[in-house]
Amino acid sequence: MSECNISIIVNGEQHELTVEPRTLLVSALRDELGYTGANVGCETGRCGACTVRENSKTIKSCTRLAVQADGSEIETVEGIADNGDLTTLQEQFQEQHGLQCGYCTPGMLMTADTFLRENDDPTREEIREAIEGNLCRCTGYQNIVDAIEATADQLGGQR
Amino acid sequence: MSDADTNEATESATEPDGDGSGGTFGSAIKRGEDVPLLTGDGEYTDDISLRGMTHLAICRSDHAHARIESIDTSDAAAMDGVIAVYTGEDVVESGVPNTIPTAWDLPGLVQPQYRMLATDKVRYEGTGIAAVIAETPHAAHDALERITVEYEPLEHVTDPVEAVERDVPPVHDEAADNVAFDFELGEVDATDEAFADADRVASVDLRQPRIIPNAMEPRAALADWENATGKLRLWMTSQNPHLHRMLLSAGTLGLPENKIQVIAPEVGGGFGSKIYHYPDEAVTAWCSMQLGRPVKWQATRSESYLTDCHGRDHVTTGEIALDDDGTIRGVRVETHAGLGAQLSQFGTATPSYLYTTVLSGQYTIPAIHCRVIGAFTNTTPVDAYRGAGRAEGIYVIERLVDVGARELGIDPAELRRRNLVPPDEFPYESAAALVYDSGEYERAMDLALDHIDYDELRERQRELRDEDRYIGIGIGNFVESAGLSPSGLAGDLGAQAGGWESSIVRFDSTGSVTVLAGTADQGQGHRTTYAQIAAEELGLSVDDVDVVEGDTDRIPQGMGTYGSRSASVGGGSIARGAREVREKARRIAAHQLETSVDDLEFEDGEFRVTGAPDRSLHIQTIAHEAYLGHDLPEGMDPGLEETNFYDPENFTYPFGTHVAVVEVDPETGEIEIERYIAVDDCGEIINPMIVEGQVHGGIAQGIGAALYEGAVYDDNGHLQTRRMDEYAVPHSTQLPEFKTDNTVTPSPHNPIGVKGVGESATIAATPTMVSAVVDALEPFGVDHLDMPLTPESVWRATEGDQ
Amino acid sequence: MYTNDFEYYRADSVDDALTLLSDHAGAELVAGAHGLLPRMKTGDESPPALVDIGQLRGLDMIEEDDDGTDLSIGALATHAEIADSETVRQRASVLADAAAELGDPQVRNGGTIGGNLAHGDARSDPPAALLALDGSLEVRGLDDKRTIDATDLFEGPFETAVADDEIVTGIRIPTIDDAVSGYRKRRDPLSGYALVGVGVWLRTDGETIEEARVAVTGATTTPARLPAVEDELEGEAITEDTITAASAKAGITVDDGAFVSDVQASAEYREHLLTIDTERALYDVIDISQ
């Protein structure tokens with residue numbers, strides 16, 4: 001069993017760690033570095049609960065090896081709040097009851113946050129397409145769509 | 001934001017009587033529990049790590065049915081990082097009781113042995129046969145491949161009808177014909193008579209496929225056995241930690257209950273699947289006891305698909321007897337219910353009492369008879385999944401009403417209306433042995449139909465058919481028995497557990513309130529709704545109340561969260577406890593204000609002397625006094641807290657009507673959901689935002705079952721839908737926008753008038769969707785289609801190939 | 001969730017990657033790893049070594065040749081980059097469509113066109129686009145490089161003409177000004193892959209279809225062109241009748257047994273849908289009113 005030394009930046013903080021090649025990025029984040037926000041809901045890259053940003057793009061961190069992310073900049077749900085205050089998106093998830101059990105929420109937030117950077121005035125249909133890679137079994141999605149829509153309305157193209 | 005405008009019509013006799021309200025009960029208060037879940041700080045079982053923690057992987061059978069000839073674990077045990085490998089024999093030798101118990105007995109029930117790890121035979125793909133403990137999850141999983149198991153394969157059966165009717169080797173020798181129970185409810189003679197007298201009989205043969213619950217968080221357990229104290233601490237994905245504590249004690253491990261602490265931290269959804277005591281969590285705990293080290297088991301999604309109890313799996317013939325004027329005279333049902341290879345705790349209750357007793361639906365049906373044959377099959381055990389039993393029963397009666405309407409040529413809404421239990425008939429005793437508490441069925445149905453302008457839409461449907469466009473209108477009327485109580489009745493029917501719920505309402509000495517509740521949240525928002533109940537009764541703000549759940553060392557007793565019981569039974573207990581606290585506070589206030597309790601008014605948390613409002617004491621001040629104990633009424637003990645056990649006098653009966661409008665493309669069979677309306681009556685509403693959320697999620701799961709989901713076994717008895725890209729959990733673009741609405745008909749016997757809402761929408765949505773699609777297909781002569789209604793099945797139906 | 005153990009090598013050039021591949025028997029290339037890693041986690045594949053080319057520079061470009069006749073796309077261009085590329089949208093919209101329809105946003109961010117085409121998953125979308133565009137793969141071996149035409153690429157389920165010791169470096173697509181193209185997908189509700197996907201490319205003079213290429217993915221065990229449909233279209237006037245007649249031929253050139261049958265849809269239903277979706281795909285790209 002070989003091991004690899006890798007270096008990644010997570011939420012602005014540099015980390016050096018040693019992993020097996022087969023260590024998934026999500027496992028490195030959760031088990032090695034303690035960023036337990038990203039969750040594991042499946043093994044086939046379907047559920048999206050493990051969604052994080054790597055170099056500004058959303059990826060499913062269970063479909064990525066930690067060694068592949070060597071040298072990358074990773075952002076997780078723990079890093080999106082402004083100095084500990086909830087962002088508008090997080091507030092709207094609470095306001096619109098866009099979460100129940102919360103397991104899909106970290107991934108959903110990362111997808112939605114990234115999407116709103118690219119599209120600040122989306123239609124509901126566009127929002128539904130944007131979160132297609134994130135499964136939620138509790139909410140039926142409508143309140144999640146409401147939350148993302150309300151965030152876009154509130155930010156009004158500020159971003 | 002909310003479409004949930006409430007139609008208040010009935011004055012509640014049982015409204016919360018916190019006359020000193022901060023106006024919290026009934027408000028859409030934001031969930032305090034959301035904040036850690038939004039920041040990644042929410043702690044689920046797999047997020048917890050302990051020093052010295054080891055990892056468990058379970059070796060599972062890849063045969064559906066086979067005799068175990070031998071298990072060789074030596075190679076696995078010798079691998080780097082592997083600490084121990086155990087087989088079922090090791091568990092037997094350890095002398096623990098090693099029995100996964102059933103929690104519901106039925107007359108003549110065959111209860112085969114159900115061990116933590118199989119020793120003789122494997123009876124379904126996924127049966128656990130050995131446990132590997134290693135230093136890392138990878139090492140544990142690597143070792144699984146080095147375990148050599150020799151099997152003698154046996155013929156298997158996965159279909160409940162075949163299991164009983166075909167000559168196959170039995171799943172269990174004790175049940176040679178694979179029949180676990182043969183259950184009947186209702187009057188067979190009266191039903192036969194009703195059918196003989198009726199003008200018409202319509203019937204339907206239907207299947208309700210297996211549903212895999214798919215809580216987003218797969219099951220997990222973390223066990224920490226402390227040799228020095230002989231105490232087991234077990235974090236696990238549980239809907240009912242106290243029930244798990246009891247079953248671990250009495251069933252699998254034999255430890256006294258006071259040496260087991262079960263903790264359910266954040267739990268990522270359940271929908272029934274986390275009620276049960278599965279072998280895996282017991283094995284996790286047992287391994288920790290062997291090694292004296294913490295052991296973690298985290299199911300992979302594939303393991304969840306193979307081992308989480310599935311739901312439904314019914315094969316049914318239903319008949320409905322009607323008169324030409326639309327009067328329903330009787331209903332006769334025979335069902336083969338697949339139980340899987342082992343009896344899970346409520347696997348017997350779900351297809352018997354929970355199913356047959358709702359077969360009257362919302363209707364006055366004088367004669368009902370139902371027979372259910374519970375069949376062992378070589379499949380994953382089947383137990384309650386959201387809507388459990390009631391979903392299957394309401395599906396049957398709603399399909400029967402639809403085929404009856406077709407048979408009589410009466411509009412399906414009209415046929416329903418003619419047979420609804422009228423409001424003045426409550427409490428209504430149905431021919432299926434339930435006493436419905438309260439209902440205004442027609443009001444809810446009218447409201448739902450008004451949302452779509454039903455009569456106009458029927459007209460439009462006729463016009464569109466002339467253009468070869470096929471829209472369908474589906475109606476789903478439902479009533480469910482929620483709460484799974486009272487204990488005495490449940491006991492008479494075979495339950496091996498009570499139906500009560502317990503809570504402690506405690507004023508802390510500085511005036512804050514702690515509520516300890518025996519239920520356990522998996523996303524339902526108990527921490528908010530329970531705070532609303534307590535705050536209402538105590539005249540406080542929700543911010544003054546902290547709710548604690550999910551830890552058997554902090555909360556002495558409880559039953560848990562299932563069967564839509566938390567708001568009604570758990571909330572009922574909290575309301576009663578809070579009232580007792582308030583009354584004790586009143587006595588202290590009367591004493592200190594030198595007046596009688598009858599001369600005190602309670603408002604906004606303040607006890608005021610009637611007619612002398614400047615003489616008052618706030619309940620939080622009294623709390624302080626109660627703990628000081630310096631100046632209490634003669635003979636009163638200090639402190640201000642109450643432990644409450646609430647055992648309801650009856651189930652509650654949520655009801656409502658859902659309506660769906662679909663358009664079917666006959667060329668491709670594709671279904672477009674145009675409208676979805678849900679009118680739910682769950683009695684008093686504690687928090688409309690949370691109620692709406694429960695309805696949304698319920699609809700999603702109901703539509704999922706109707707259109708997309710369904711477990712499939714292949715010819716080898718292997719689960720074919722074993723991954724998330726093989727089983728269709730609906731995603732965002734597969735679901736429509738929902739419109740929700742409510743009527744409010746309080747439950748007359750519940751302390752706060754609530755009925756529960758967790759399962760309602762799942763129960764309603766499935767028959768509603770099927771009704772809509774079959775309605776669209778009427779011009780093609782289609783009376784019924786089995787779920788899931790895939791585009792291909794719809795296309796075949798339009799081609800006359802049902 | 002747990003893969004078997006394997007060696008991991010990060011290549012710093014194409015040559016390095018080729019050497020690593022030849023040094024480690026059974027090694028697989030990864031870039032996005034979106035196709036391979038899930039299959040490794042469920043035990044369907046278990047390569048002893050992975051050679052990561054995801055970090056190689058210069059293989060993610062999307063550019064037109066100077067004379068504007070060919071479009072070159074690097075193997076490491078992601079589906080998201082292709083879907084968002086104005087150049088691809090204008091010159092080869094069937095490929096932009098297919099990339100935009102693939103998977104979900106996260107998969108499009110990570111998955112690469114080279115990996116997708118080399119993988120040969122017959123349920124995936126880009127194969128139909130490459131076939132309809134009559135593109136080709138540029139492939140490097142240790143000692144040589146070669147071009148594989150789209151029509152020669154797909155050999156069977158998860159089987160392509162790219163050898164184990166070769167690397168796809170890019171794809172090349174001939175483009176002309178008076179062509180239209182598009183991709184229509186019917187999603188499998190279970191997997192999100194194509195239950196049926198049809199790519200069409202037409203060269204017209206506004207009235208007559210001069211050249212046609214139609215290709216299928218998802219419905220068949222191997223992505224393939226539909227020559228009978230193409231023959232029926234070529235030289236014909238752009239009319240509803242032409243489209244109807246051509247679509248009716250969709251199933252004809254597909255071999256018996258080549259339609260996929262699974263839990264979600266039978267071969268018969270897929271064949272039925274292929275005709276409908278061919279017709280709908282043609283209507284998508286042609287404005288019949290003109």
# chains A, B, ... in the order shown; residues from 1 in each chain; ligands from 1
call {"tool": "residues_around", "arguments": {"residues": "segment 13-29 of chain C", "least_positions_apart": "2", "cutoff": "12 Å", "atoms": "only C-alpha atoms", "output": "ChimeraX atom specification"}}
result
/C:6-11,31-37,40,45-59,75-76,112,114-116,118-119,139-145,162-170
call {"tool": "write_last_selection", "arguments": {"atoms": "C-alpha atoms", "output": "short mmCIF file (atom, residue, chain, number, x, y, z; two decimals), in the first residue's frame"}}
result
data_model
loop_
_atom_site.label_atom_id
_atom_site.label_comp_id
_atom_site.auth_asym_id
_atom_site.auth_seq_id
_atom_site.Cartn_x
_atom_site.Cartn_y
_atom_site.Cartn_z
CA PHE C 6 -4.34 0.67 -6.39
CA GLU C 7 -1.23 2.61 -7.32
CA TYR C 8 -1.63 6.19 -8.37
CA TYR C 9 0.59 8.10 -10.78
CA ARG C 10 0.19 11.66 -11.83
CA ALA C 11 1.53 12.22 -15.33
CA ALA C 31 -8.98 12.73 -15.71
CA GLY C 32 -12.33 13.57 -14.18
CA ALA C 33 -12.71 9.92 -13.12
CA HIS C 34 -16.47 10.35 -13.20
CA GLY C 35 -17.01 7.26 -15.26
CA LEU C 36 -14.44 5.03 -13.61
CA LEU C 37 -14.48 5.83 -9.92
CA MET C 40 -14.52 1.01 -8.94
CA GLU C 45 -13.83 -2.43 -12.12
CA SER C 46 -10.63 -2.87 -10.19
CA PRO C 47 -7.59 -1.52 -12.03
CA PRO C 48 -4.25 -2.04 -10.24
CA ALA C 49 -3.08 1.45 -11.10
CA LEU C 50 -4.43 4.80 -12.19
CA VAL C 51 -2.56 7.27 -14.33
CA ASP C 52 -3.94 10.74 -13.76
CA ILE C 53 -3.78 13.08 -16.71
CA GLY C 54 -6.22 15.55 -15.23
CA GLN C 55 -3.52 18.15 -14.59
CA LEU C 56 -1.93 18.14 -18.04
CA ARG C 57 -1.82 21.57 -19.56
CA GLY C 58 -2.87 22.50 -23.04
CA LEU C 59 -5.35 19.69 -23.49
CA ALA C 75 -9.45 15.75 -24.51
CA LEU C 76 -9.50 17.43 -21.13
CA THR C 112 -14.02 15.37 -19.75
CA GLY C 114 -11.85 12.60 -24.00
CA GLY C 115 -12.58 10.35 -21.08
CA ASN C 116 -16.21 10.12 -22.01
CA ALA C 118 -12.73 6.65 -24.71
CA HIS C 119 -14.94 5.06 -22.05
CA VAL C 139 -4.99 9.39 -30.23
CA ARG C 140 -1.37 9.06 -29.13
CA GLY C 141 0.49 5.85 -28.52
CA LEU C 142 4.03 5.49 -27.19
CA ASP C 143 5.46 5.44 -30.68
CA ASP C 144 2.88 6.95 -32.94
CA LYS C 145 -0.24 8.94 -33.24
CA VAL C 162 -8.82 3.28 -28.33
CA ALA C 163 -6.22 0.78 -27.20
CA ASP C 164 -5.30 0.31 -23.54
CA ASP C 165 -1.89 1.88 -24.12
CA GLU C 166 -3.19 4.89 -26.01
CA ILE C 167 -4.32 8.30 -24.89
CA VAL C 168 -7.01 10.41 -26.48
CA THR C 169 -5.54 13.88 -26.85
CA GLY C 170 -8.39 15.59 -28.58
#
call {"tool": "interface_residues", "arguments": {"of": "chain C", "to": "chain A", "cutoff": "6 Å", "atoms": "only C-alpha atoms", "output": "PyMOL selection string"}}
result
chain C and resi 1+8+38+104+106
call {"tool": "write_last_selection", "arguments": {"atoms": "N, CA and C atoms", "output": "CSV table (one decimal), in the first residue's frame"}}
result
chain,number,residue,atom,x,y,z
C,1,MET,N,-18.6,2.0,-1.9
C,1,MET,CA,-18.0,3.1,-1.3
C,1,MET,C,-16.5,2.9,-1.2
C,8,TYR,N,-1.2,5.0,-7.7
C,8,TYR,CA,-1.6,6.2,-8.4
C,8,TYR,C,-0.4,6.9,-8.9
C,38,PRO,N,-17.0,5.6,-9.8
C,38,PRO,CA,-18.1,5.0,-9.3
C,38,PRO,C,-18.1,3.5,-9.6
C,104,ASP,N,-25.4,15.9,-14.5
C,104,ASP,CA,-25.8,17.0,-13.8
C,104,ASP,C,-24.7,18.0,-13.7
C,106,GLN,N,-22.5,19.0,-11.5
C,106,GLN,CA,-21.3,18.6,-10.9
C,106,GLN,C,-20.5,17.6,-11.8
call {"tool": "select_by_dssp", "arguments": {"residues": "segment 32-111 of chain C", "states": "strand (DSSP E)", "output": "MDAnalysis selection string"}}
result
chainID C and resid 49:52 62:64 70:74
call {"tool": "write_last_selection", "arguments": {"atoms": "C-alpha atoms", "output": "mmCIF file, in the first residue's frame"}}
result
data_model
loop_
_atom_site.group_PDB
_atom_site.id
_atom_site.type_symbol
_atom_site.label_atom_id
_atom_site.label_comp_id
_atom_site.auth_asym_id
_atom_site.auth_seq_id
_atom_site.Cartn_x
_atom_site.Cartn_y
_atom_site.Cartn_z
ATOM 1 C CA ALA C 49 -3.080 1.447 -11.100
ATOM 2 C CA LEU C 50 -4.431 4.798 -12.186
ATOM 3 C CA VAL C 51 -2.558 7.268 -14.329
ATOM 4 C CA ASP C 52 -3.942 10.741 -13.757
ATOM 5 C CA ILE C 62 -11.571 24.623 -27.705
ATOM 6 C CA GLU C 63 -10.542 26.339 -30.930
ATOM 7 C CA GLU C 64 -11.291 26.740 -34.580
ATOM 8 C CA ASP C 70 -12.264 22.310 -38.320
ATOM 9 C CA LEU C 71 -13.005 22.555 -34.660
ATOM 10 C CA SER C 72 -10.412 21.161 -32.275
ATOM 11 C CA ILE C 73 -11.306 20.270 -28.726
ATOM 12 C CA GLY C 74 -8.758 19.038 -26.241
#
call {"tool": "interface_residues", "arguments": {"of": "chain C", "to": "chain B", "cutoff": "10 Å", "atoms": "only C-alpha atoms", "output": "list in words"}}
result
Met1, Tyr2, Thr3, Asn4, Asp5, Thr42, Asp188, Pro189, Leu190, Ser191, Gly192, Tyr193, Val263, Gln264, Ala265, Ser266, Glu268, Tyr269, Arg270, His272, Leu273, Ile276 and Asp277 of chain C
call {"tool": "write_last_selection", "arguments": {"atoms": "C-alpha atoms", "output": "mmCIF file, in the first residue's frame"}}
result
data_model
loop_
_atom_site.group_PDB
_atom_site.id
_atom_site.type_symbol
_atom_site.label_atom_id
_atom_site.label_comp_id
_atom_site.auth_asym_id
_atom_site.auth_seq_id
_atom_site.Cartn_x
_atom_site.Cartn_y
_atom_site.Cartn_z
ATOM 1 C CA MET C 1 -17.954 3.115 -1.301
ATOM 2 C CA TYR C 2 -14.636 1.376 -0.937
ATOM 3 C CA THR C 3 -12.394 0.642 -3.879
ATOM 4 C CA ASN C 4 -9.687 -1.952 -3.886
ATOM 5 C CA ASP C 5 -6.196 -0.695 -3.367
ATOM 6 C CA THR C 42 -19.198 -0.709 -6.653
ATOM 7 C CA ASP C 188 -33.730 7.533 -18.079
ATOM 8 C CA PRO C 189 -35.447 8.548 -14.831
ATOM 9 C CA LEU C 190 -33.245 6.134 -12.899
ATOM 10 C CA SER C 191 -29.765 6.975 -14.078
ATOM 11 C CA GLY C 192 -30.098 10.256 -15.920
ATOM 12 C CA TYR C 193 -28.382 8.662 -18.904
ATOM 13 C CA VAL C 263 -35.709 -2.430 -15.822
ATOM 14 C CA GLN C 264 -36.839 0.899 -17.173
ATOM 15 C CA ALA C 265 -37.610 0.163 -20.810
ATOM 16 C CA SER C 266 -37.815 -2.796 -23.154
ATOM 17 C CA GLU C 268 -39.432 -2.765 -28.249
ATOM 18 C CA TYR C 269 -40.259 0.474 -26.462
ATOM 19 C CA ARG C 270 -36.827 1.915 -27.161
ATOM 20 C CA HIS C 272 -40.629 2.812 -30.796
ATOM 21 C CA LEU C 273 -39.144 5.876 -29.105
ATOM 22 C CA ILE C 276 -40.418 9.371 -32.483
ATOM 23 C CA ASP C 277 -37.290 11.022 -31.193
#
call {"tool": "interface_residues", "arguments": {"of": "chain A", "to": "chain B", "cutoff": "7 Å", "atoms": "only C-alpha atoms", "output": "NGL selection string"}}
result
:A and (36-37 or 41-44 or 46 or 77-78 or 90 or 94-95 or 97 or 100-106 or 128-129 or 131-132 or 135 or 137-142)
call {"tool": "write_last_selection", "arguments": {"atoms": "C-alpha atoms", "output": "PDB file, in the first residue's frame"}}
result
ATOM      1  CA  THR A  36     -17.790  16.852   8.325  1.00  0.00           C
ATOM      2  CA  GLY A  37     -20.260  19.160   6.601  1.00  0.00           C
ATOM      3  CA  GLY A  41     -25.253   9.517   0.726  1.00  0.00           C
ATOM      4  CA  CYS A  42     -24.348   7.103  -2.038  1.00  0.00           C
ATOM      5  CA  GLU A  43     -21.401   5.573  -3.827  1.00  0.00           C
ATOM      6  CA  THR A  44     -22.307   6.243  -7.439  1.00  0.00           C
ATOM      7  CA  ARG A  46     -25.796  10.387  -7.755  1.00  0.00           C
ATOM      8  CA  VAL A  77     -20.153  24.426   3.537  1.00  0.00           C
ATOM      9  CA  GLU A  78     -18.200  25.320   6.654  1.00  0.00           C
ATOM     10  CA  GLN A  90     -28.436  30.075   4.243  1.00  0.00           C
ATOM     11  CA  GLN A  94     -34.170  28.592   6.974  1.00  0.00           C
ATOM     12  CA  GLU A  95     -36.796  31.194   6.072  1.00  0.00           C
ATOM     13  CA  HIS A  97     -38.050  25.810   5.237  1.00  0.00           C
ATOM     14  CA  GLN A 100     -35.732  19.082   7.040  1.00  0.00           C
ATOM     15  CA  CYS A 101     -33.231  16.423   8.081  1.00  0.00           C
ATOM     16  CA  GLY A 102     -30.355  18.544   6.809  1.00  0.00           C
ATOM     17  CA  TYR A 103     -28.303  15.712   5.363  1.00  0.00           C
ATOM     18  CA  CYS A 104     -28.447  16.929   1.764  1.00  0.00           C
ATOM     19  CA  THR A 105     -28.244  20.567   2.820  1.00  0.00           C
ATOM     20  CA  PRO A 106     -24.460  21.175   2.744  1.00  0.00           C
ATOM     21  CA  ARG A 128     -34.595  22.947 -10.675  1.00  0.00           C
ATOM     22  CA  GLU A 129     -32.091  22.020 -13.379  1.00  0.00           C
ATOM     23  CA  ILE A 131     -29.988  21.256  -8.357  1.00  0.00           C
ATOM     24  CA  GLU A 132     -30.649  18.142 -10.401  1.00  0.00           C
ATOM     25  CA  LEU A 135     -31.115  14.560  -4.157  1.00  0.00           C
ATOM     26  CA  ARG A 137     -35.792  12.891   0.155  1.00  0.00           C
ATOM     27  CA  CYS A 138     -37.500  15.201   2.678  1.00  0.00           C
ATOM     28  CA  THR A 139     -38.651  18.422   1.070  1.00  0.00           C
ATOM     29  CA  GLY A 140     -39.970  17.588  -2.385  1.00  0.00           C
ATOM     30  CA  TYR A 141     -37.610  20.430  -3.521  1.00  0.00           C
ATOM     31  CA  GLN A 142     -40.225  23.186  -3.749  1.00  0.00           C
TER      32      GLN A 142
END
call {"tool": "residues_around", "arguments": {"residues": "segment 767-769 of chain B", "least_positions_apart": "6", "cutoff": "6 Å", "atoms": "only C-alpha atoms", "output": "MDAnalysis selection string"}}
result
chainID B and resid 395 474:476
call {"tool": "write_last_selection", "arguments": {"atoms": "N, CA and C atoms", "output": "PDB file, in the first residue's frame"}}
result
ATOM      1  N   TYR B 395     -54.899   3.110  -0.812  1.00  0.00           N
ATOM      2  CA  TYR B 395     -54.705   2.876  -2.251  1.00  0.00           C
ATOM      3  C   TYR B 395     -55.765   1.914  -2.775  1.00  0.00           C
ATOM      4  N   GLY B 474     -57.112  13.206 -11.178  1.00  0.00           N
ATOM      5  CA  GLY B 474     -57.068  12.165 -10.146  1.00  0.00           C
ATOM      6  C   GLY B 474     -57.511  12.736  -8.818  1.00  0.00           C
ATOM      7  N   ILE B 475     -58.283  11.943  -8.099  1.00  0.00           N
ATOM      8  CA  ILE B 475     -58.752  12.360  -6.778  1.00  0.00           C
ATOM      9  C   ILE B 475     -58.314  11.306  -5.774  1.00  0.00           C
ATOM     10  N   GLY B 476     -57.739  11.757  -4.690  1.00  0.00           N
ATOM     11  CA  GLY B 476     -57.374  10.830  -3.618  1.00  0.00           C
ATOM     12  C   GLY B 476     -57.949  11.314  -2.299  1.00  0.00           C
TER      13      GLY B 476
END
call {"tool": "select_by_dssp", "arguments": {"residues": "segment 49-290 of chain C", "states": "alpha helix (DSSP H)", "output": "tab-separated table (two decimals) with C-alpha atoms, in the first residue's frame"}}
result
chain	number	residue	atom	x	y	z
C	79	HIS	CA	-18.60	18.91	-20.57
C	80	ALA	CA	-19.40	22.20	-18.85
C	81	GLU	CA	-16.76	24.03	-20.89
C	82	ILE	CA	-18.09	22.54	-24.11
C	83	ALA	CA	-21.69	23.28	-23.21
C	84	ASP	CA	-20.80	26.88	-22.42
C	86	GLU	CA	-19.98	29.92	-27.97
C	87	THR	CA	-17.72	28.41	-30.63
C	88	VAL	CA	-19.10	24.93	-30.13
C	89	ARG	CA	-22.65	26.28	-29.95
C	90	GLN	CA	-22.20	28.03	-33.31
C	91	ARG	CA	-20.16	25.45	-35.17
C	93	SER	CA	-24.47	22.74	-31.67
C	94	VAL	CA	-25.26	19.04	-31.43
C	95	LEU	CA	-22.15	18.64	-29.30
C	96	ALA	CA	-22.99	21.63	-27.12
C	97	ASP	CA	-26.48	20.20	-26.65
C	98	ALA	CA	-25.16	16.78	-25.75
C	99	ALA	CA	-22.64	18.21	-23.29
C	100	ALA	CA	-25.34	20.34	-21.67
C	101	GLU	CA	-27.67	17.36	-21.32
C	105	PRO	CA	-23.88	20.24	-13.16
C	106	GLN	CA	-21.27	18.61	-10.92
C	107	VAL	CA	-20.66	15.79	-13.38
C	108	ARG	CA	-20.35	18.26	-16.23
C	109	ASN	CA	-17.79	20.21	-14.22
C	110	GLY	CA	-15.61	17.18	-13.64
C	113	ILE	CA	-14.89	14.78	-23.39
C	114	GLY	CA	-11.85	12.60	-24.00
C	115	GLY	CA	-12.58	10.35	-21.08
C	116	ASN	CA	-16.21	10.12	-22.01
C	117	LEU	CA	-15.55	9.05	-25.60
C	118	ALA	CA	-12.73	6.65	-24.71
C	119	HIS	CA	-14.94	5.06	-22.05
C	126	PRO	CA	-21.49	12.83	-26.56
C	127	PRO	CA	-21.13	9.68	-28.71
C	128	ALA	CA	-24.26	10.58	-30.70
C	129	ALA	CA	-22.90	14.08	-31.22
C	130	LEU	CA	-19.49	12.91	-32.40
C	131	LEU	CA	-21.12	10.49	-34.82
C	132	ALA	CA	-23.52	13.09	-36.17
C	133	LEU	CA	-20.65	15.52	-36.66
C	150	ALA	CA	-16.21	8.34	-35.11
C	151	THR	CA	-17.71	5.57	-37.19
C	152	ASP	CA	-14.86	3.27	-36.21
C	153	LEU	CA	-14.73	4.25	-32.57
C	227	PRO	CA	-27.81	5.21	-42.51
C	228	ALA	CA	-31.33	4.30	-43.59
C	229	VAL	CA	-32.62	7.53	-42.13
C	230	GLU	CA	-29.78	9.49	-43.71
C	231	ASP	CA	-30.42	7.97	-47.15
C	232	GLU	CA	-34.08	8.82	-46.90
C	233	LEU	CA	-33.27	12.45	-46.11
C	240	GLU	CA	-43.01	17.05	-43.24
C	241	ASP	CA	-43.35	14.06	-45.51
C	242	THR	CA	-39.61	13.76	-45.85
C	243	ILE	CA	-39.15	13.81	-42.10
C	244	THR	CA	-41.93	11.31	-41.50
C	245	ALA	CA	-40.59	8.91	-44.11
C	246	ALA	CA	-37.03	9.18	-42.85
C	247	SER	CA	-37.93	8.75	-39.18
C	267	ALA	CA	-36.09	-3.06	-26.51
C	268	GLU	CA	-39.43	-2.77	-28.25
C	269	TYR	CA	-40.26	0.47	-26.46
C	270	ARG	CA	-36.83	1.91	-27.16
C	271	GLU	CA	-37.25	1.10	-30.83
C	272	HIS	CA	-40.63	2.81	-30.80
C	273	LEU	CA	-39.14	5.88	-29.11
C	274	LEU	CA	-36.24	6.01	-31.51
C	275	THR	CA	-38.59	6.66	-34.40
C	276	ILE	CA	-40.42	9.37	-32.48
C	277	ASP	CA	-37.29	11.02	-31.19
C	278	THR	CA	-35.61	10.93	-34.58
C	279	GLU	CA	-38.60	12.76	-35.95
C	280	ARG	CA	-38.61	15.25	-33.08
C	281	ALA	CA	-34.86	15.78	-33.35
C	282	LEU	CA	-35.24	16.59	-37.04
C	283	TYR	CA	-38.01	19.06	-36.36
C	284	ASP	CA	-35.81	20.65	-33.70
C	285	VAL	CA	-33.19	21.64	-36.28
call {"tool": "residues_around", "arguments": {"residues": "Gln154 of chain A", "least_positions_apart": "6", "cutoff": "10 Å", "atoms": "only C-alpha atoms", "output": "ChimeraX atom specification"}}
result
/A:88-89,92,148
call {"tool": "residues_around", "arguments": {"residues": "Met79 of chain B", "least_positions_apart": "4", "cutoff": "12 Å", "atoms": "only C-alpha atoms", "output": "JSON, numbers by chain"}}
result
{"B": [73, 74, 75, 83, 84, 85, 132, 133, 134, 135, 138, 139, 140, 141, 142, 143, 144, 145, 146, 147]}
call {"tool": "atom_distance", "arguments": {"atom1": "atom CA of His172 of chain B", "atom2": "atom CA of Leu154 of chain B"}}
result
12.1 Å
call {"tool": "residues_around", "arguments": {"residues": "segment 199-209 of chain B", "least_positions_apart": "5", "cutoff": "10 Å", "atoms": "only C-alpha atoms", "output": "ChimeraX atom specification"}}
result
/B:194,310-338,391-392,395-396,399-408,705-706,709-712,783-788
